[in-house]
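Shown next, in structure tokens, is the structure this report addresses.
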Amino acid sequence: MVIEVKLASNADRRQVFTQTLGYASYLADPAHQELLRRLLDWAQHLQAEGLATLYTTVGKGRWVLNARLPGQGRGLVTVWNDRGAYLSPQRSVFQAEAPQTLARLDQRLPGEIRQNNYLTSPLDQDVLALLTAAYREARGEERRA
């Protein structure tokens with residue numbers, strides 16, 4: 001069974017996130033719990049800025065957080081937990097929506113921004129900042145700058 005929930009921008013959002021994070025943390029190896037929390041905070045920041053609409057899917061043994069582009073059914077990345085913390089890029093979406101930032105990501109993470117893989121490099125603040133820049137570019141902010 002898979003349950004998908006659109007996380008609204010109202011006060012109930014925090015409760016749903018907390019419940020989802022609790023579930024994800026429960027499934028995750030303790031070594032991955034901090035990274036899951038950091039990725040969740042990052043995704044929440046995207047939504048708070050209007051850069052993404054967050055959806056979560058919970059299935060057997062896996063929690064998925066989709067950071068979709070507003071008004072679209074696709075996103076640049078997906079955060080997921082399968083007894084560990086992972087971030088999967090969607091190269092085709094980067095190519096269509098954030099090609100300038102994709103070039104920067106390809107320099108920073110050679111060969112890692114592919115379709116449906118997961119990043120093996122550390123997900124540090126620099127990488128998350130580049131991913132945020134990609135969401136800004138997709139919204140049109142980078143093109144105007």
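Every chain in the structure tokens takes a letter, A first, then B, and so on in the order presented; its residues are numbered from 1, and the ligands are numbered from 1 following the presented order.
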
Just want the 8 Å neighbourhood of segment 83-90 of chain A, counted on only C-alpha atoms, with same-chain residues fewer than 4 positions away dropped. Output as a list in words.
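Answer for this query is Leu27, Ala28, Asp29, His32, Gln33, Leu35, Leu36, Gly61, Arg62, Gly75, Leu76, Val77, Thr78, Val79, Phe94, Ile113, Arg114, Gln115, Asn116, Asn117, Tyr118 and Leu119 of chain A.
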
Write a file of the selected residues as a PDB file, in the first residue's frame, keeping N, CA and C atoms.
ATOM      1  N   LEU A  27      12.688   4.074  10.561  1.00  0.00           N
ATOM      2  CA  LEU A  27      13.172   3.112   9.578  1.00  0.00           C
ATOM      3  C   LEU A  27      14.666   3.240   9.321  1.00  0.00           C
ATOM      4  N   ALA A  28      15.190   4.444   9.521  1.00  0.00           N
ATOM      5  CA  ALA A  28      16.578   4.704   9.169  1.00  0.00           C
ATOM      6  C   ALA A  28      17.534   4.149  10.214  1.00  0.00           C
ATOM      7  N   ASP A  29      18.687   3.789   9.719  1.00  0.00           N
ATOM      8  CA  ASP A  29      19.795   3.470  10.601  1.00  0.00           C
ATOM      9  C   ASP A  29      20.102   4.743  11.398  1.00  0.00           C
ATOM     10  N   HIS A  32      21.927   7.637   9.866  1.00  0.00           N
ATOM     11  CA  HIS A  32      21.324   8.418   8.782  1.00  0.00           C
ATOM     12  C   HIS A  32      20.249   9.382   9.271  1.00  0.00           C
ATOM     13  N   GLN A  33      19.876   9.331  10.511  1.00  0.00           N
ATOM     14  CA  GLN A  33      18.774  10.149  11.010  1.00  0.00           C
ATOM     15  C   GLN A  33      19.073  11.638  10.904  1.00  0.00           C
ATOM     16  N   LEU A  35      21.023  13.200   8.753  1.00  0.00           N
ATOM     17  CA  LEU A  35      20.947  13.608   7.351  1.00  0.00           C
ATOM     18  C   LEU A  35      19.502  13.694   6.888  1.00  0.00           C
ATOM     19  N   LEU A  36      18.664  12.749   7.278  1.00  0.00           N
ATOM     20  CA  LEU A  36      17.241  12.829   6.918  1.00  0.00           C
ATOM     21  C   LEU A  36      16.617  14.109   7.466  1.00  0.00           C
ATOM     22  N   GLY A  61       8.446  -0.026   4.021  1.00  0.00           N
ATOM     23  CA  GLY A  61       9.866   0.131   4.241  1.00  0.00           C
ATOM     24  C   GLY A  61      10.513   1.330   3.582  1.00  0.00           C
ATOM     25  N   ARG A  62       9.745   2.234   2.987  1.00  0.00           N
ATOM     26  CA  ARG A  62      10.334   3.383   2.295  1.00  0.00           C
ATOM     27  C   ARG A  62       9.465   4.623   2.492  1.00  0.00           C
ATOM     28  N   GLY A  75       9.742  17.055 -10.114  1.00  0.00           N
ATOM     29  CA  GLY A  75      10.677  17.868  -9.351  1.00  0.00           C
ATOM     30  C   GLY A  75      12.096  17.605  -9.809  1.00  0.00           C
ATOM     31  N   LEU A  76      12.995  18.419  -9.316  1.00  0.00           N
ATOM     32  CA  LEU A  76      14.405  18.254  -9.649  1.00  0.00           C
ATOM     33  C   LEU A  76      15.028  17.104  -8.863  1.00  0.00           C
ATOM     34  N   VAL A  77      14.578  16.928  -7.622  1.00  0.00           N
ATOM     35  CA  VAL A  77      15.135  15.869  -6.774  1.00  0.00           C
ATOM     36  C   VAL A  77      14.039  15.225  -5.941  1.00  0.00           C
ATOM     37  N   THR A  78      14.357  14.030  -5.471  1.00  0.00           N
ATOM     38  CA  THR A  78      13.508  13.295  -4.540  1.00  0.00           C
ATOM     39  C   THR A  78      14.386  12.866  -3.374  1.00  0.00           C
ATOM     40  N   VAL A  79      13.881  13.063  -2.165  1.00  0.00           N
ATOM     41  CA  VAL A  79      14.557  12.604  -0.958  1.00  0.00           C
ATOM     42  C   VAL A  79      13.867  11.316  -0.540  1.00  0.00           C
ATOM     43  N   PHE A  94      16.267  18.759 -14.717  1.00  0.00           N
ATOM     44  CA  PHE A  94      17.326  19.771 -14.642  1.00  0.00           C
ATOM     45  C   PHE A  94      17.603  20.349 -16.022  1.00  0.00           C
ATOM     46  N   ILE A 113      24.786  13.669 -11.503  1.00  0.00           N
ATOM     47  CA  ILE A 113      23.423  14.125 -11.790  1.00  0.00           C
ATOM     48  C   ILE A 113      22.926  13.349 -13.002  1.00  0.00           C
ATOM     49  N   ARG A 114      22.328  12.201 -12.698  1.00  0.00           N
ATOM     50  CA  ARG A 114      21.782  11.330 -13.738  1.00  0.00           C
ATOM     51  C   ARG A 114      20.277  11.200 -13.494  1.00  0.00           C
ATOM     52  N   GLN A 115      19.664  10.268 -14.145  1.00  0.00           N
ATOM     53  CA  GLN A 115      18.226  10.058 -14.037  1.00  0.00           C
ATOM     54  C   GLN A 115      17.951   8.903 -13.077  1.00  0.00           C
ATOM     55  N   ASN A 116      17.283   9.183 -11.973  1.00  0.00           N
ATOM     56  CA  ASN A 116      16.825   8.169 -11.005  1.00  0.00           C
ATOM     57  C   ASN A 116      17.951   7.455 -10.253  1.00  0.00           C
ATOM     58  N   ASN A 117      19.157   7.993 -10.273  1.00  0.00           N
ATOM     59  CA  ASN A 117      20.210   7.425  -9.440  1.00  0.00           C
ATOM     60  C   ASN A 117      20.135   8.110  -8.075  1.00  0.00           C
ATOM     61  N   TYR A 118      21.091   7.893  -7.236  1.00  0.00           N
ATOM     62  CA  TYR A 118      21.169   8.691  -6.012  1.00  0.00           C
ATOM     63  C   TYR A 118      22.587   9.227  -5.890  1.00  0.00           C
ATOM     64  N   LEU A 119      22.700  10.397  -5.270  1.00  0.00           N
ATOM     65  CA  LEU A 119      23.992  11.036  -5.130  1.00  0.00           C
ATOM     66  C   LEU A 119      24.829  10.275  -4.116  1.00  0.00           C
TER      67      LEU A 119
END

Leaving out Arg136 of chain A and any residue of its chain fewer than 2 positions from it, which residues lie within 12 Å of it when counting only C-alpha atoms, given as a CSV table (one decimal) with C-alpha atoms, in the first residue's frame?
chain,number,residue,atom,x,y,z
A,46,LEU,CA,12.2,25.2,-0.5
A,47,GLN,CA,8.4,25.1,0.1
A,49,GLU,CA,10.1,30.2,-0.3
A,50,GLY,CA,7.6,28.9,-2.9
A,51,LEU,CA,10.2,27.0,-4.8
A,52,ALA,CA,8.7,23.6,-4.4
A,69,LEU,CA,8.2,22.3,-9.0
A,70,PRO,CA,5.1,24.4,-8.2
A,76,LEU,CA,14.4,18.3,-9.6
A,94,PHE,CA,17.3,19.8,-14.6
A,97,GLU,CA,14.2,23.7,-16.0
A,98,ALA,CA,17.6,24.6,-14.6
A,99,PRO,CA,20.3,24.0,-17.3
A,100,GLN,CA,22.7,26.7,-16.0
A,101,THR,CA,22.7,25.3,-12.5
A,129,ALA,CA,22.9,25.5,-1.9
A,130,LEU,CA,23.4,24.5,-5.6
A,131,LEU,CA,20.2,22.4,-5.5
A,132,THR,CA,18.3,25.4,-4.1
A,133,ALA,CA,19.8,27.6,-6.9
A,134,ALA,CA,18.4,25.0,-9.4
A,138,ALA,CA,13.4,26.8,-12.5
A,139,ARG,CA,11.2,29.4,-11.0
A,140,GLY,CA,12.9,32.0,-13.2
A,141,GLU,CA,14.9,33.9,-10.6
A,142,GLU,CA,18.3,32.9,-12.0
A,143,ARG,CA,17.4,33.9,-15.6
A,144,ARG,CA,16.5,37.4,-14.5
A,145,ALA,CA,19.6,37.9,-12.4

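Take the candidates A:Glu137, A:Pro110, A:Trp63, A:Thr56 and check each one against Trp80 of chain A using only C-alpha atoms; the shortest distance goes to A:Trp63.
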
Measuring atom to atom with only C-alpha atoms, identify which of A:Thr120, A:Gln125, A:Ser92, A:Gln72 is nearest to Asp41 of chain A.
A:Gln125

Kindly indicate which residue among A:Ala43, A:Val127, A:Val93, A:Ala31 lies nearest to Gln107 of chain A, using only C-alpha atoms for the distances.
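Comparing A:Ala43, A:Val127, A:Val93, A:Ala31 against Gln107 of chain A, the winner is A:Val127.
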
Strand (DSSP E) per DSSP on the backbone: members of segment 22-129 of chain A, as number ranges by chain
A: 53-59, 62-68, 75-81, 85-89

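Between atom CA of Gly111 of chain A and atom CA of Thr57 of chain A the separation is 27.7 Å.
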
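One distance worth recording is that between atom CA of Tyr55 of chain A and atom CA of Leu39 of chain A, which is 13.9 Å.
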
What is the distance between atom CA of Arg74 of chain A and atom CA of Ala48 of chain A, in Å to one decimal?
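Separating atom CA of Arg74 of chain A from atom CA of Ala48 of chain A is a distance of 18.0 Å.
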
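Residues of segment 26-99 of chain A that DSSP places in helix (DSSP H, G or I), based on the backbone of this structure, are Tyr26, Leu27, Pro30, Ala31, His32, Gln33, Glu34, Leu35, Leu36, Arg37, Arg38, Leu39, Leu40, Asp41, Trp42, Ala43, Gln44, His45, Leu46, Gln47, Ala48, Arg91, Ser92, Val93, Phe94, Gln95, Ala96, Glu97 and Pro99 of chain A.
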
Take the residues from that selection and put them in a file with N, CA, C and O atoms, as a tab-separated table (two decimals), in the first residue's frame.
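Output (again.tsv):
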chain	number	residue	atom	x	y	z
A	26	TYR	N	12.52	6.28	12.23
A	26	TYR	CA	12.34	4.94	12.79
A	26	TYR	C	12.92	3.89	11.86
A	26	TYR	O	13.57	2.95	12.28
A	27	LEU	N	12.69	4.07	10.56
A	27	LEU	CA	13.17	3.11	9.58
A	27	LEU	C	14.67	3.24	9.32
A	27	LEU	O	15.32	2.28	8.95
A	30	PRO	N	20.40	4.64	12.68
A	30	PRO	CA	20.69	5.85	13.47
A	30	PRO	C	21.74	6.76	12.84
A	30	PRO	O	21.67	7.97	12.99
A	31	ALA	N	22.67	6.21	12.10
A	31	ALA	CA	23.70	7.02	11.45
A	31	ALA	C	23.12	7.94	10.38
A	31	ALA	O	23.75	8.92	10.00
A	32	HIS	N	21.93	7.64	9.87
A	32	HIS	CA	21.32	8.42	8.78
A	32	HIS	C	20.25	9.38	9.27
A	32	HIS	O	19.74	10.18	8.49
A	33	GLN	N	19.88	9.33	10.51
A	33	GLN	CA	18.77	10.15	11.01
A	33	GLN	C	19.07	11.64	10.90
A	33	GLN	O	18.21	12.42	10.50
A	34	GLU	N	20.30	12.06	11.21
A	34	GLU	CA	20.63	13.48	11.14
A	34	GLU	C	20.54	13.99	9.71
A	34	GLU	O	20.01	15.06	9.45
A	35	LEU	N	21.02	13.20	8.75
A	35	LEU	CA	20.95	13.61	7.35
A	35	LEU	C	19.50	13.69	6.89
A	35	LEU	O	19.12	14.64	6.19
A	36	LEU	N	18.66	12.75	7.28
A	36	LEU	CA	17.24	12.83	6.92
A	36	LEU	C	16.62	14.11	7.47
A	36	LEU	O	15.86	14.78	6.77
A	37	ARG	N	16.92	14.45	8.69
A	37	ARG	CA	16.38	15.68	9.29
A	37	ARG	C	16.88	16.91	8.53
A	37	ARG	O	16.12	17.84	8.28
A	38	ARG	N	18.15	16.91	8.16
A	38	ARG	CA	18.71	18.05	7.43
A	38	ARG	C	18.08	18.19	6.05
A	38	ARG	O	17.74	19.29	5.60
A	39	LEU	N	17.86	17.06	5.36
A	39	LEU	CA	17.20	17.10	4.06
A	39	LEU	C	15.75	17.54	4.18
A	39	LEU	O	15.25	18.28	3.32
A	40	LEU	N	15.08	17.12	5.23
A	40	LEU	CA	13.71	17.57	5.46
A	40	LEU	C	13.68	19.08	5.70
A	40	LEU	O	12.86	19.78	5.12
A	41	ASP	N	14.58	19.59	6.52
A	41	ASP	CA	14.65	21.04	6.77
A	41	ASP	C	14.90	21.79	5.47
A	41	ASP	O	14.29	22.83	5.21
A	42	TRP	N	15.80	21.27	4.64
A	42	TRP	CA	16.10	21.90	3.37
A	42	TRP	C	14.85	21.93	2.48
A	42	TRP	O	14.52	22.96	1.88
A	43	ALA	N	14.14	20.81	2.40
A	43	ALA	CA	12.93	20.75	1.58
A	43	ALA	C	11.85	21.69	2.11
A	43	ALA	O	11.16	22.35	1.32
A	44	GLN	N	11.71	21.77	3.41
A	44	GLN	CA	10.74	22.69	4.00
A	44	GLN	C	11.09	24.13	3.63
A	44	GLN	O	10.19	24.94	3.37
A	45	HIS	N	12.37	24.45	3.61
A	45	HIS	CA	12.81	25.79	3.23
A	45	HIS	C	12.43	26.08	1.77
A	45	HIS	O	11.97	27.18	1.45
A	46	LEU	N	12.59	25.07	0.90
A	46	LEU	CA	12.17	25.25	-0.51
A	46	LEU	C	10.69	25.59	-0.58
A	46	LEU	O	10.28	26.50	-1.31
A	47	GLN	N	9.88	24.86	0.18
A	47	GLN	CA	8.44	25.11	0.14
A	47	GLN	C	8.10	26.47	0.73
A	47	GLN	O	7.27	27.20	0.19
A	48	ALA	N	8.75	26.84	1.82
A	48	ALA	CA	8.48	28.14	2.46
A	48	ALA	C	8.79	29.30	1.51
A	48	ALA	O	8.11	30.33	1.56
A	91	ARG	N	17.72	14.18	-14.00
A	91	ARG	CA	18.51	14.95	-14.95
A	91	ARG	C	17.65	15.60	-16.03
A	91	ARG	O	17.88	16.74	-16.41
A	92	SER	N	16.66	14.89	-16.53
A	92	SER	CA	15.83	15.46	-17.61
A	92	SER	C	15.10	16.72	-17.14
A	92	SER	O	14.92	17.65	-17.92
A	93	VAL	N	14.71	16.75	-15.87
A	93	VAL	CA	14.05	17.94	-15.34
A	93	VAL	C	15.06	19.08	-15.18
A	93	VAL	O	14.78	20.23	-15.51
A	94	PHE	N	16.27	18.76	-14.72
A	94	PHE	CA	17.33	19.77	-14.64
A	94	PHE	C	17.60	20.35	-16.02
A	94	PHE	O	17.74	21.56	-16.18
A	95	GLN	N	17.70	19.49	-17.04
A	95	GLN	CA	18.00	19.96	-18.39
A	95	GLN	C	16.92	20.91	-18.89
A	95	GLN	O	17.23	21.91	-19.54
A	96	ALA	N	15.67	20.61	-18.59
A	96	ALA	CA	14.56	21.43	-19.07
A	96	ALA	C	14.35	22.70	-18.24
A	96	ALA	O	14.00	23.74	-18.78
A	97	GLU	N	14.56	22.61	-16.93
A	97	GLU	CA	14.16	23.69	-16.04
A	97	GLU	C	15.30	24.49	-15.42
A	97	GLU	O	15.11	25.62	-15.01
A	99	PRO	N	19.08	24.47	-16.60
A	99	PRO	CA	20.31	24.04	-17.30
A	99	PRO	C	21.57	24.76	-16.82
A	99	PRO	O	22.65	24.16	-16.81
